[in-house]
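What follows is a single structure, written as structure tokens, with notes after it.
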Amino acid sequence: MDRIEQVKKLIPRGSERLITANQIKDITGIPLREIYGIVRYLLIHENIPIGAYREGKNSGYFIITNEEERKATLMPLISHAKEIEKRINVIKHINLNSEVI
């Protein structure tokens, strides 16, 4: 079984049970950076609705099974994207000729 299939089979359906990237690493031996890439690949290229929670003990990956889980996954992603957009806009418009430092 290839690494993509290994990771795919470990991600549980629904947010009641979650699996972290570290747990996947411990089970498979796949490095964390590669696991992140595989999860991204599964979502973007195979359209597998992988959600993630990132809050303390309630963190890990799961397969999104309903609208509530979809919304809970999207909220922090949208917030993070807005913060990145703010940083991009500030960097684009900073006057590089002023002596700030």
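So you can find residues: chains in the structure tokens are A, B, ... in the order shown, residues in each start at 1, and ligands are numbered from 1 in order.
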
Residues within 12 Å of A:Gly60, please, as a PDB file with all heavy atoms, in the first residue's frame. Count only C-alpha atoms; anything in the same chain fewer than 6 positions from it doesn't count.
```
ATOM      1  N   LEU A  10      -6.391   6.034   7.423  1.00  0.00           N
ATOM      2  CA  LEU A  10      -6.323   6.352   8.852  1.00  0.00           C
ATOM      3  C   LEU A  10      -7.232   7.510   9.269  1.00  0.00           C
ATOM      4  O   LEU A  10      -7.533   7.661  10.451  1.00  0.00           O
ATOM      5  CB  LEU A  10      -4.880   6.680   9.249  1.00  0.00           C
ATOM      6  CG  LEU A  10      -3.929   5.482   9.302  1.00  0.00           C
ATOM      7  CD1 LEU A  10      -2.501   5.956   9.501  1.00  0.00           C
ATOM      8  CD2 LEU A  10      -4.350   4.524  10.410  1.00  0.00           C
ATOM      9  N   ILE A  11      -7.660   8.330   8.314  1.00  0.00           N
ATOM     10  CA  ILE A  11      -8.475   9.496   8.665  1.00  0.00           C
ATOM     11  C   ILE A  11      -9.918   9.054   8.893  1.00  0.00           C
ATOM     12  O   ILE A  11     -10.567   8.539   7.985  1.00  0.00           O
ATOM     13  CB  ILE A  11      -8.379  10.583   7.579  1.00  0.00           C
ATOM     14  CG1 ILE A  11      -6.918  11.022   7.420  1.00  0.00           C
ATOM     15  CG2 ILE A  11      -9.276  11.776   7.929  1.00  0.00           C
ATOM     16  CD1 ILE A  11      -6.674  11.981   6.279  1.00  0.00           C
ATOM     17  N   PRO A  12     -10.422   9.242  10.122  1.00  0.00           N
ATOM     18  CA  PRO A  12     -11.769   8.764  10.448  1.00  0.00           C
ATOM     19  C   PRO A  12     -12.873   9.648   9.874  1.00  0.00           C
ATOM     20  O   PRO A  12     -12.668  10.830   9.613  1.00  0.00           O
ATOM     21  CB  PRO A  12     -11.789   8.819  11.980  1.00  0.00           C
ATOM     22  CG  PRO A  12     -10.814   9.878  12.330  1.00  0.00           C
ATOM     23  CD  PRO A  12      -9.754   9.856  11.271  1.00  0.00           C
ATOM     24  N   ARG A  13     -14.037   9.042   9.699  1.00  0.00           N
ATOM     25  CA  ARG A  13     -15.218   9.791   9.254  1.00  0.00           C
ATOM     26  C   ARG A  13     -15.845  10.461  10.459  1.00  0.00           C
ATOM     27  O   ARG A  13     -16.069   9.838  11.483  1.00  0.00           O
ATOM     28  CB  ARG A  13     -16.234   8.857   8.606  1.00  0.00           C
ATOM     29  CG  ARG A  13     -15.782   8.309   7.268  1.00  0.00           C
ATOM     30  CD  ARG A  13     -16.852   7.472   6.573  1.00  0.00           C
ATOM     31  NE  ARG A  13     -18.115   8.177   6.430  1.00  0.00           N
ATOM     32  CZ  ARG A  13     -18.394   9.088   5.494  1.00  0.00           C
ATOM     33  NH1 ARG A  13     -17.485   9.399   4.615  1.00  0.00           N
ATOM     34  NH2 ARG A  13     -19.579   9.664   5.448  1.00  0.00           N
ATOM     35  N   GLY A  14     -16.132  11.768  10.315  1.00  0.00           N
ATOM     36  CA  GLY A  14     -16.805  12.513  11.382  1.00  0.00           C
ATOM     37  C   GLY A  14     -15.835  13.052  12.412  1.00  0.00           C
ATOM     38  O   GLY A  14     -14.733  12.531  12.587  1.00  0.00           O
ATOM     39  N   SER A  15     -16.271  14.107  13.085  1.00  0.00           N
ATOM     40  CA  SER A  15     -15.402  14.809  14.018  1.00  0.00           C
ATOM     41  C   SER A  15     -15.448  14.245  15.443  1.00  0.00           C
ATOM     42  O   SER A  15     -14.800  14.777  16.329  1.00  0.00           O
ATOM     43  CB  SER A  15     -15.763  16.300  14.050  1.00  0.00           C
ATOM     44  OG  SER A  15     -17.096  16.468  14.487  1.00  0.00           O
ATOM     45  N   GLU A  16     -16.193  13.175  15.652  1.00  0.00           N
ATOM     46  CA  GLU A  16     -16.236  12.572  16.986  1.00  0.00           C
ATOM     47  C   GLU A  16     -14.895  11.935  17.317  1.00  0.00           C
ATOM     48  O   GLU A  16     -14.477  11.903  18.468  1.00  0.00           O
ATOM     49  CB  GLU A  16     -17.330  11.502  17.090  1.00  0.00           C
ATOM     50  CG  GLU A  16     -18.730  11.981  16.778  1.00  0.00           C
ATOM     51  CD  GLU A  16     -19.008  12.021  15.287  1.00  0.00           C
ATOM     52  OE1 GLU A  16     -18.519  11.135  14.551  1.00  0.00           O
ATOM     53  OE2 GLU A  16     -19.694  12.960  14.850  1.00  0.00           O
ATOM     54  N   ARG A  17     -14.268  11.371  16.306  1.00  0.00           N
ATOM     55  CA  ARG A  17     -12.945  10.775  16.476  1.00  0.00           C
ATOM     56  C   ARG A  17     -12.001  11.538  15.552  1.00  0.00           C
ATOM     57  O   ARG A  17     -12.314  11.743  14.384  1.00  0.00           O
ATOM     58  CB  ARG A  17     -12.954   9.299  16.078  1.00  0.00           C
ATOM     59  CG  ARG A  17     -13.824   8.434  16.951  1.00  0.00           C
ATOM     60  CD  ARG A  17     -13.795   6.976  16.511  1.00  0.00           C
ATOM     61  NE  ARG A  17     -13.945   6.840  15.062  1.00  0.00           N
ATOM     62  CZ  ARG A  17     -13.130   6.128  14.272  1.00  0.00           C
ATOM     63  NH1 ARG A  17     -12.106   5.508  14.779  1.00  0.00           N
ATOM     64  NH2 ARG A  17     -13.357   6.041  12.984  1.00  0.00           N
ATOM     65  N   LEU A  18     -10.879  11.934  16.065  1.00  0.00           N
ATOM     66  CA  LEU A  18      -9.901  12.674  15.268  1.00  0.00           C
ATOM     67  C   LEU A  18      -8.582  11.918  15.291  1.00  0.00           C
ATOM     68  O   LEU A  18      -8.322  11.133  16.192  1.00  0.00           O
ATOM     69  CB  LEU A  18      -9.682  14.068  15.863  1.00  0.00           C
ATOM     70  CG  LEU A  18     -10.918  14.939  16.070  1.00  0.00           C
ATOM     71  CD1 LEU A  18     -10.552  16.178  16.876  1.00  0.00           C
ATOM     72  CD2 LEU A  18     -11.505  15.340  14.738  1.00  0.00           C
ATOM     73  N   ILE A  19      -7.751  12.181  14.284  1.00  0.00           N
ATOM     74  CA  ILE A  19      -6.400  11.636  14.294  1.00  0.00           C
ATOM     75  C   ILE A  19      -5.439  12.773  13.975  1.00  0.00           C
ATOM     76  O   ILE A  19      -5.675  13.547  13.047  1.00  0.00           O
ATOM     77  CB  ILE A  19      -6.222  10.446  13.322  1.00  0.00           C
ATOM     78  CG1 ILE A  19      -4.860   9.780  13.539  1.00  0.00           C
ATOM     79  CG2 ILE A  19      -6.428  10.870  11.868  1.00  0.00           C
ATOM     80  CD1 ILE A  19      -4.735   8.410  12.913  1.00  0.00           C
ATOM     81  N   THR A  20      -4.387  12.896  14.764  1.00  0.00           N
ATOM     82  CA  THR A  20      -3.419  13.960  14.543  1.00  0.00           C
ATOM     83  C   THR A  20      -2.350  13.515  13.557  1.00  0.00           C
ATOM     84  O   THR A  20      -2.157  12.308  13.318  1.00  0.00           O
ATOM     85  CB  THR A  20      -2.733  14.369  15.865  1.00  0.00           C
ATOM     86  OG1 THR A  20      -1.931  13.270  16.329  1.00  0.00           O
ATOM     87  CG2 THR A  20      -3.747  14.782  16.916  1.00  0.00           C
ATOM     88  N   ALA A  21      -1.642  14.483  13.014  1.00  0.00           N
ATOM     89  CA  ALA A  21      -0.529  14.170  12.120  1.00  0.00           C
ATOM     90  C   ALA A  21       0.531  13.368  12.871  1.00  0.00           C
ATOM     91  O   ALA A  21       1.128  12.440  12.302  1.00  0.00           O
ATOM     92  CB  ALA A  21       0.061  15.454  11.544  1.00  0.00           C
ATOM     93  N   ASN A  22       0.752  13.682  14.135  1.00  0.00           N
ATOM     94  CA  ASN A  22       1.722  12.914  14.924  1.00  0.00           C
ATOM     95  C   ASN A  22       1.296  11.462  15.111  1.00  0.00           C
ATOM     96  O   ASN A  22       2.136  10.557  15.080  1.00  0.00           O
ATOM     97  CB  ASN A  22       1.959  13.574  16.289  1.00  0.00           C
ATOM     98  CG  ASN A  22       2.984  14.679  16.208  1.00  0.00           C
ATOM     99  OD1 ASN A  22       4.027  14.525  15.565  1.00  0.00           O
ATOM    100  ND2 ASN A  22       2.705  15.794  16.851  1.00  0.00           N
ATOM    101  N   GLN A  23       0.006  11.240  15.296  1.00  0.00           N
ATOM    102  CA  GLN A  23      -0.478   9.863  15.410  1.00  0.00           C
ATOM    103  C   GLN A  23      -0.280   9.120  14.090  1.00  0.00           C
ATOM    104  O   GLN A  23       0.120   7.954  14.090  1.00  0.00           O
ATOM    105  CB  GLN A  23      -1.951   9.850  15.816  1.00  0.00           C
ATOM    106  CG  GLN A  23      -2.179  10.280  17.249  1.00  0.00           C
ATOM    107  CD  GLN A  23      -3.649  10.500  17.564  1.00  0.00           C
ATOM    108  OE1 GLN A  23      -4.405  11.025  16.750  1.00  0.00           O
ATOM    109  NE2 GLN A  23      -4.058  10.104  18.761  1.00  0.00           N
ATOM    110  N   ILE A  24      -0.560   9.793  12.977  1.00  0.00           N
ATOM    111  CA  ILE A  24      -0.341   9.170  11.667  1.00  0.00           C
ATOM    112  C   ILE A  24       1.135   8.837  11.501  1.00  0.00           C
ATOM    113  O   ILE A  24       1.495   7.756  11.036  1.00  0.00           O
ATOM    114  CB  ILE A  24      -0.853  10.088  10.530  1.00  0.00           C
ATOM    115  CG1 ILE A  24      -2.370  10.233  10.612  1.00  0.00           C
ATOM    116  CG2 ILE A  24      -0.428   9.539   9.166  1.00  0.00           C
ATOM    117  CD1 ILE A  24      -2.961  11.285   9.687  1.00  0.00           C
ATOM    118  N   TYR A  36       1.525  16.230   5.919  1.00  0.00           N
ATOM    119  CA  TYR A  36       0.812  17.470   5.586  1.00  0.00           C
ATOM    120  C   TYR A  36       0.599  17.568   4.077  1.00  0.00           C
ATOM    121  O   TYR A  36      -0.473  17.965   3.615  1.00  0.00           O
ATOM    122  CB  TYR A  36       1.579  18.700   6.083  1.00  0.00           C
ATOM    123  CG  TYR A  36       1.806  18.737   7.576  1.00  0.00           C
ATOM    124  CD1 TYR A  36       3.024  19.189   8.088  1.00  0.00           C
ATOM    125  CD2 TYR A  36       0.837  18.328   8.482  1.00  0.00           C
ATOM    126  CE1 TYR A  36       3.253  19.243   9.455  1.00  0.00           C
ATOM    127  CE2 TYR A  36       1.069  18.369   9.850  1.00  0.00           C
ATOM    128  CZ  TYR A  36       2.273  18.826  10.330  1.00  0.00           C
ATOM    129  OH  TYR A  36       2.488  18.864  11.682  1.00  0.00           O
ATOM    130  N   VAL A  39      -2.160  15.073   3.018  1.00  0.00           N
ATOM    131  CA  VAL A  39      -3.496  15.561   3.381  1.00  0.00           C
ATOM    132  C   VAL A  39      -3.933  16.638   2.387  1.00  0.00           C
ATOM    133  O   VAL A  39      -5.073  16.630   1.909  1.00  0.00           O
ATOM    134  CB  VAL A  39      -3.523  16.081   4.837  1.00  0.00           C
ATOM    135  CG1 VAL A  39      -4.812  16.838   5.127  1.00  0.00           C
ATOM    136  CG2 VAL A  39      -3.340  14.927   5.814  1.00  0.00           C
ATOM    137  N   ILE A  50     -11.501  16.582   3.819  1.00  0.00           N
ATOM    138  CA  ILE A  50     -10.778  16.436   5.078  1.00  0.00           C
ATOM    139  C   ILE A  50     -10.882  17.728   5.878  1.00  0.00           C
ATOM    140  O   ILE A  50     -10.520  18.799   5.402  1.00  0.00           O
ATOM    141  CB  ILE A  50      -9.303  16.079   4.831  1.00  0.00           C
ATOM    142  CG1 ILE A  50      -9.214  14.735   4.097  1.00  0.00           C
ATOM    143  CG2 ILE A  50      -8.526  16.041   6.160  1.00  0.00           C
ATOM    144  CD1 ILE A  50      -7.825  14.361   3.655  1.00  0.00           C
ATOM    145  N   GLY A  51     -11.397  17.594   7.071  1.00  0.00           N
ATOM    146  CA  GLY A  51     -11.484  18.724   7.988  1.00  0.00           C
ATOM    147  C   GLY A  51     -10.409  18.591   9.043  1.00  0.00           C
ATOM    148  O   GLY A  51      -9.790  17.536   9.200  1.00  0.00           O
ATOM    149  N   ALA A  52     -10.196  19.678   9.767  1.00  0.00           N
ATOM    150  CA  ALA A  52      -9.222  19.648  10.849  1.00  0.00           C
ATOM    151  C   ALA A  52      -9.651  20.609  11.938  1.00  0.00           C
ATOM    152  O   ALA A  52     -10.107  21.705  11.658  1.00  0.00           O
ATOM    153  CB  ALA A  52      -7.841  20.029  10.325  1.00  0.00           C
ATOM    154  N   TYR A  53      -9.509  20.154  13.165  1.00  0.00           N
ATOM    155  CA  TYR A  53      -9.692  21.012  14.318  1.00  0.00           C
ATOM    156  C   TYR A  53      -8.310  21.227  14.918  1.00  0.00           C
ATOM    157  O   TYR A  53      -7.484  20.315  14.938  1.00  0.00           O
ATOM    158  CB  TYR A  53     -10.608  20.371  15.357  1.00  0.00           C
ATOM    159  CG  TYR A  53     -12.055  20.240  14.936  1.00  0.00           C
ATOM    160  CD1 TYR A  53     -12.883  19.329  15.570  1.00  0.00           C
ATOM    161  CD2 TYR A  53     -12.600  21.017  13.928  1.00  0.00           C
ATOM    162  CE1 TYR A  53     -14.220  19.196  15.205  1.00  0.00           C
ATOM    163  CE2 TYR A  53     -13.932  20.896  13.564  1.00  0.00           C
ATOM    164  CZ  TYR A  53     -14.731  19.983  14.203  1.00  0.00           C
ATOM    165  OH  TYR A  53     -16.048  19.853  13.858  1.00  0.00           O
ATOM    166  N   ARG A  54      -8.069  22.436  15.432  1.00  0.00           N
ATOM    167  CA  ARG A  54      -6.735  22.772  15.935  1.00  0.00           C
ATOM    168  C   ARG A  54      -6.800  23.396  17.323  1.00  0.00           C
ATOM    169  O   ARG A  54      -6.114  24.368  17.591  1.00  0.00           O
ATOM    170  CB  ARG A  54      -6.062  23.768  14.998  1.00  0.00           C
ATOM    171  CG  ARG A  54      -5.892  23.260  13.605  1.00  0.00           C
ATOM    172  CD  ARG A  54      -5.292  24.321  12.736  1.00  0.00           C
ATOM    173  NE  ARG A  54      -5.271  23.885  11.359  1.00  0.00           N
ATOM    174  CZ  ARG A  54      -4.986  24.652  10.347  1.00  0.00           C
ATOM    175  NH1 ARG A  54      -4.697  25.910  10.541  1.00  0.00           N
ATOM    176  NH2 ARG A  54      -4.976  24.170   9.123  1.00  0.00           N
ATOM    177  N   THR A  73     -14.770  23.687  10.220  1.00  0.00           N
ATOM    178  CA  THR A  73     -13.468  23.611   9.551  1.00  0.00           C
ATOM    179  C   THR A  73     -13.153  24.911   8.831  1.00  0.00           C
ATOM    180  O   THR A  73     -12.013  25.383   8.854  1.00  0.00           O
ATOM    181  CB  THR A  73     -13.446  22.431   8.549  1.00  0.00           C
ATOM    182  OG1 THR A  73     -13.591  21.204   9.273  1.00  0.00           O
ATOM    183  CG2 THR A  73     -12.159  22.396   7.757  1.00  0.00           C
TER     184      THR A  73
END
```

I need the residues in chain A that are helix (DSSP H, G or I) according to DSSP; give them as a PyMOL selection string.
chain A and resi 3-10+21-28+32-46+67-93

Those selected residues, please, written with C-alpha atoms and delivered as a PDB file, in the first residue's frame.
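Listed below is the output, result01.pdb:
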```
ATOM      1  CA  ARG A   3       1.743   6.262   1.556  1.00  0.00           C
ATOM      2  CA  ILE A   4      -1.247   8.179   0.219  1.00  0.00           C
ATOM      3  CA  GLU A   5      -3.484   5.152   0.774  1.00  0.00           C
ATOM      4  CA  GLN A   6      -2.020   4.605   4.244  1.00  0.00           C
ATOM      5  CA  VAL A   7      -2.893   8.156   5.303  1.00  0.00           C
ATOM      6  CA  LYS A   8      -6.307   8.077   3.626  1.00  0.00           C
ATOM      7  CA  LYS A   9      -7.311   4.901   5.474  1.00  0.00           C
ATOM      8  CA  LEU A  10      -6.323   6.352   8.852  1.00  0.00           C
ATOM      9  CA  ALA A  21      -0.529  14.170  12.120  1.00  0.00           C
ATOM     10  CA  ASN A  22       1.722  12.914  14.924  1.00  0.00           C
ATOM     11  CA  GLN A  23      -0.478   9.863  15.410  1.00  0.00           C
ATOM     12  CA  ILE A  24      -0.341   9.170  11.667  1.00  0.00           C
ATOM     13  CA  LYS A  25       3.464   9.543  11.816  1.00  0.00           C
ATOM     14  CA  ASP A  26       3.682   7.119  14.754  1.00  0.00           C
ATOM     15  CA  ILE A  27       1.526   4.526  12.963  1.00  0.00           C
ATOM     16  CA  THR A  28       3.069   4.819   9.493  1.00  0.00           C
ATOM     17  CA  LEU A  32       5.208  15.028   9.345  1.00  0.00           C
ATOM     18  CA  ARG A  33       5.999  17.296   6.393  1.00  0.00           C
ATOM     19  CA  GLU A  34       5.035  14.512   3.999  1.00  0.00           C
ATOM     20  CA  ILE A  35       1.817  13.810   5.924  1.00  0.00           C
ATOM     21  CA  TYR A  36       0.812  17.470   5.586  1.00  0.00           C
ATOM     22  CA  GLY A  37       1.490  17.245   1.851  1.00  0.00           C
ATOM     23  CA  ILE A  38      -0.532  14.050   1.517  1.00  0.00           C
ATOM     24  CA  VAL A  39      -3.496  15.561   3.381  1.00  0.00           C
ATOM     25  CA  ARG A  40      -3.321  18.588   1.073  1.00  0.00           C
ATOM     26  CA  TYR A  41      -3.134  16.308  -1.970  1.00  0.00           C
ATOM     27  CA  LEU A  42      -6.138  14.250  -0.831  1.00  0.00           C
ATOM     28  CA  LEU A  43      -8.200  17.395  -0.302  1.00  0.00           C
ATOM     29  CA  ILE A  44      -7.216  19.319  -3.422  1.00  0.00           C
ATOM     30  CA  HIS A  45      -6.623  16.576  -5.988  1.00  0.00           C
ATOM     31  CA  GLU A  46      -8.885  13.760  -4.819  1.00  0.00           C
ATOM     32  CA  GLU A  67     -22.558  21.033   7.195  1.00  0.00           C
ATOM     33  CA  GLU A  68     -21.750  21.699  10.853  1.00  0.00           C
ATOM     34  CA  GLU A  69     -18.345  20.047  10.462  1.00  0.00           C
ATOM     35  CA  ARG A  70     -17.771  21.917   7.200  1.00  0.00           C
ATOM     36  CA  LYS A  71     -18.514  25.278   8.879  1.00  0.00           C
ATOM     37  CA  ALA A  72     -16.358  24.435  11.905  1.00  0.00           C
ATOM     38  CA  THR A  73     -13.468  23.611   9.551  1.00  0.00           C
ATOM     39  CA  LEU A  74     -13.923  26.718   7.405  1.00  0.00           C
ATOM     40  CA  MET A  75     -14.165  29.314  10.200  1.00  0.00           C
ATOM     41  CA  PRO A  76     -10.501  29.211  11.323  1.00  0.00           C
ATOM     42  CA  LEU A  77      -9.281  28.867   7.721  1.00  0.00           C
ATOM     43  CA  ILE A  78     -11.194  31.975   6.641  1.00  0.00           C
ATOM     44  CA  SER A  79      -9.949  33.907   9.663  1.00  0.00           C
ATOM     45  CA  HIS A  80      -6.352  32.884   8.951  1.00  0.00           C
ATOM     46  CA  ALA A  81      -6.707  33.807   5.269  1.00  0.00           C
ATOM     47  CA  LYS A  82      -7.964  37.287   6.237  1.00  0.00           C
ATOM     48  CA  GLU A  83      -4.967  37.812   8.514  1.00  0.00           C
ATOM     49  CA  ILE A  84      -2.577  36.744   5.761  1.00  0.00           C
ATOM     50  CA  GLU A  85      -4.320  39.099   3.317  1.00  0.00           C
ATOM     51  CA  LYS A  86      -3.813  41.986   5.768  1.00  0.00           C
ATOM     52  CA  ARG A  87      -0.105  41.193   6.020  1.00  0.00           C
ATOM     53  CA  ILE A  88       0.206  40.968   2.239  1.00  0.00           C
ATOM     54  CA  ASN A  89      -1.437  44.365   1.780  1.00  0.00           C
ATOM     55  CA  VAL A  90       0.748  46.014   4.418  1.00  0.00           C
ATOM     56  CA  ILE A  91       3.935  44.609   2.874  1.00  0.00           C
ATOM     57  CA  LYS A  92       2.805  45.700  -0.604  1.00  0.00           C
ATOM     58  CA  HIS A  93       2.297  49.283   0.545  1.00  0.00           C
TER      59      HIS A  93
END
```

Report as a PyMOL selection string: the residues of chain A with a DSSP assignment of strand (DSSP E), based on the backbone of this structure.
chain A and resi 50-55+58-63

Atom pair atom CA of A:Met1 / atom CA of A:Ile64: separation (Å)
23.9 Å

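Here the question is which of A:Phe62, A:Glu55, A:Ile94, A:Asp2 gets nearest to A:Ile30 using only C-alpha atoms, and that residue is A:Asp2.
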